[in-house]
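Read through the structure below, which is laid out as structure tokens, and then see the notes.
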Amino acid sequence: MTSLPYYPYKPLSPQCIRVLELHPGASDAPLVCDIVVQHIDGKPYEALSYVWGDPTPAVFVKCIDEANEGALGVGASLAKALNTFRLTGQMRRIWVDAICINQKDVAERQSQVRMMGAVYSKAEHVLCWLGPFNDQEGGESKARLAIGFLRRFNDKPHEHLRAAHQHLHFGDDTEDTDGALLDSWLAIKDLFDVEYFHRAWIIQEVGLARHARLFWGTKDVWVDWTEVATFCSFMDAYGASIINHLQLKSWVANHINLVWATDSSGKPIHSFVEVLHWARVHRSTDPRDYIYALLSHPSATVNGSLLVQPNYTITPAQVYTGLAMNVIERTNNLQILAFVDHHEEPSVLTLPTWVPDWHALNLVAPLRYPTQAAVETDNSISVVESEKGAILKCRGILIDTLRAMSDIIEPSELTVTTLEKEMQKKNPFLIDHIWNKTVVEPGIPLASPGQLFTSLSLVLTGGFLNDSNSTLGEKQEQQQSDCAALILEYERIRLDDHLDGFFASLSPEDKALVQTMATKGSAHQFVQDMTWTSMCRKVFRTAKGYIGLGPRIMKGGDLCVVFLGAAYPMVVRRCDGNFRLVGPALLYGFMNGEAEKLCRNGTLLEQGFEII
């Protein structure tokens, strides 16, 4: 405890912030600072980005202003960061949220939250404190190994990735080399396991910074955010199999890149709901901050005003539902439905099934496809309140009933290496598994073997080869060749006398065709293209034989519907005269407005849906 009274905050004027002037001192000296109020465009300052951790006061900071002095308790994490960045010979001007915002004043918190983006974007530097080393004895050497390897990787990324594919997947090297390489990748894994990368607030703290530098354990071990961002972006684009093999969480950090991605004119690429999806894998103590932490993003403003105002007096469920209603009302589309990801167990929050739970653990990447299943907007969409809660009313076209489906596709099981490793997977020989579950067992015949081949190559990848449209022309042929190469990778590791499976079921002519196609394809490329789209989803067949990719909780008897104003088909479930949204899907043959054309010629029927 301290003998000083609690520091008495004074109210802030509009567009003003507090800045700490941290007194110099030795690392073990008490923490003392002047608290200076200034306009946000005032004197230069640095901003601290860190993990709050346990907020129980571990240290008291003596705070002084022109009229008062007092003490503020700070948690161990912040105390360590302040000690690390304190200079020995001069003041250091730092903005620190836990001290510069009166945390007991809800109105001030809400006001300052609106300014957080500006605070970090205007700071001269953002000091990112990753926290202490995981292992105090060997921690610093591992940290230096990770950062050194990351920099070498960035110099020659394709070369290092080829080595990783060869040695980590197949172990095809000498023990010494393989061990050194594995140690480097495990050090990288330790880096991205650090809790700092999983905080919701760092998305804007780092993403908006003029210059952000990450410090690990000590101010002498550092790496610039631009170096980390370069590594993460490359790995997401080309190294999905390594990410899944090592359970490497670089993809979490890469979501910061995606949140702030812009086109050549500087306009944000992603809508606000897409931004919220990229951010939902990061953690926040307060569920409302999954939205409030991103209100500084340009896409949070639609038609001149924020989609939602920070309000800490309402519940998270009210925040999430209100945001969904505002998005639908202002855009006249159902894009937000594509980000619903339900679990088998009930959510902690009570939400309508059409409202994404940004707080729940998310297991899937957003669906993607070059074209849209329906018109982009529909003025008939509305939300009405009822005794069942907020009901979404929309128009849609019922396509068919789900009849059969595969097990969940595990992203860590996509790479084919050896028969021994294949048989250790939950679903070995994935293409055969899909064929058995959706064709053989339910007895739903294929029009031809090519139907499964063509539809799977598109729905598993979302119709993209890298970032190019693969739904037609040469790119489509290439992706089908890549799929053929994957099929033959499975054949490569099989026992010679096997007689079952998709490839074994083909005629000699069809086998020869697959083999010819495979000579032009890359199994690795197909795994890369399908990883993010297919992960933790299931392949399904409908009663009429249509093939699609859908949510992991779908069941036989669910319906596949194309809603007007939605980019993707949706899986819904009947419920007491209404419908529950199960989640978004891809449905081969219905991804480019086909449902509306069939509706116009009388083959299908448009009808109203009420989703609870």
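Going through the structure tokens in order, the chains are called A, B, and so on, while each chain numbers its residues from 1 and the ligands are numbered from 1 in the order shown.
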
DSSP-assigned strand (DSSP E) among range 21-245 of chain A, expressed as number ranges by chain: A: 21-22, 32-39, 46-49, 59-64, 69-74, 92-95, 126-129, 212-215, 222-224

Distance query Ser184 in chain A at most 7 Å, only C-alpha atoms, self and fewer than 5 positions along chain excluded, as a list in words: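 Returned residues: Leu145, Ala146 and Phe149 of chain A.
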
Contacts of Val126 in chain A at 10 Å (only C-alpha atoms; same-chain gap of 5+ positions) as a ChimeraX atom specification: /A:45-49,94-95,120-121,205-206,208-214,225

Residues of range 80-204 of chain A in helix (DSSP H, G or I), written as a PyMOL selection string: chain A and resi 80-85+97-100+106-122+139-155+157-170+175-193+195-198+202-204

Spatial neighbours of Ser412 in chain A, 8 Å, only C-alpha atoms, chain gap at least 4 places, as a list in words: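 The neighbour list is Ser241, Asn244, His245 and Gln247 of chain A.
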
For those residues, write N, CA, C and O atoms to a file as an mmCIF file, in the first residue's frame.
```cif
data_model
loop_
_atom_site.group_PDB
_atom_site.id
_atom_site.type_symbol
_atom_site.label_atom_id
_atom_site.label_comp_id
_atom_site.auth_asym_id
_atom_site.auth_seq_id
_atom_site.Cartn_x
_atom_site.Cartn_y
_atom_site.Cartn_z
ATOM 1 N N SER A 241 -0.144 -25.065 -44.968
ATOM 2 C CA SER A 241 0.127 -26.418 -44.464
ATOM 3 C C SER A 241 1.123 -26.394 -43.304
ATOM 4 O O SER A 241 1.016 -27.186 -42.363
ATOM 5 N N ASN A 244 -0.695 -25.105 -40.136
ATOM 6 C CA ASN A 244 -1.517 -26.140 -39.505
ATOM 7 C C ASN A 244 -0.674 -27.273 -38.929
ATOM 8 O O ASN A 244 -1.010 -27.842 -37.895
ATOM 9 N N HIS A 245 0.434 -27.597 -39.601
ATOM 10 C CA HIS A 245 1.319 -28.657 -39.108
ATOM 11 C C HIS A 245 1.887 -28.305 -37.739
ATOM 12 O O HIS A 245 1.951 -29.153 -36.840
ATOM 13 N N GLN A 247 0.650 -25.825 -35.797
ATOM 14 C CA GLN A 247 -0.327 -25.059 -35.015
ATOM 15 C C GLN A 247 0.216 -23.661 -34.733
ATOM 16 O O GLN A 247 0.124 -23.123 -33.622
#
```

Residue nearest Trp201 in chain A - candidates A:Gln110, A:Ser296, A:Thr516, A:Ser457, atoms counted: only C-alpha atoms: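 The closest residue to Trp201 in chain A is A:Ser296.
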
Which residue of A:Gly70, A:Pro569, A:Gly589, A:Pro370 approaches Leu337 in chain A most closely, using only C-alpha atoms: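 Result for the nearest residue to Leu337 in chain A: A:Pro569.
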
Distance query Glu422 in chain A at most 10 Å, only C-alpha atoms, self and fewer than 5 positions along chain excluded, as a ChimeraX atom specification: /A:413-417,427-430,490,493-494

For Leu150 in chain A: contacts at 12 Å, only C-alpha atoms, fewer than 5 positions along chain excluded, given as a VMD selection string: chain A and resid 143 to 145 155 to 157 160 to 161 184 to 189 191 to 192 222 to 232 234 to 235 250

Near-range 483-485 of chain A list (12 Å; only C-alpha atoms; drop same-chain fewer than 2 positions) as a PyMOL selection string: chain A and resi 416+430-431+450+452-461+465+476-481+487-492+502-503+510-530
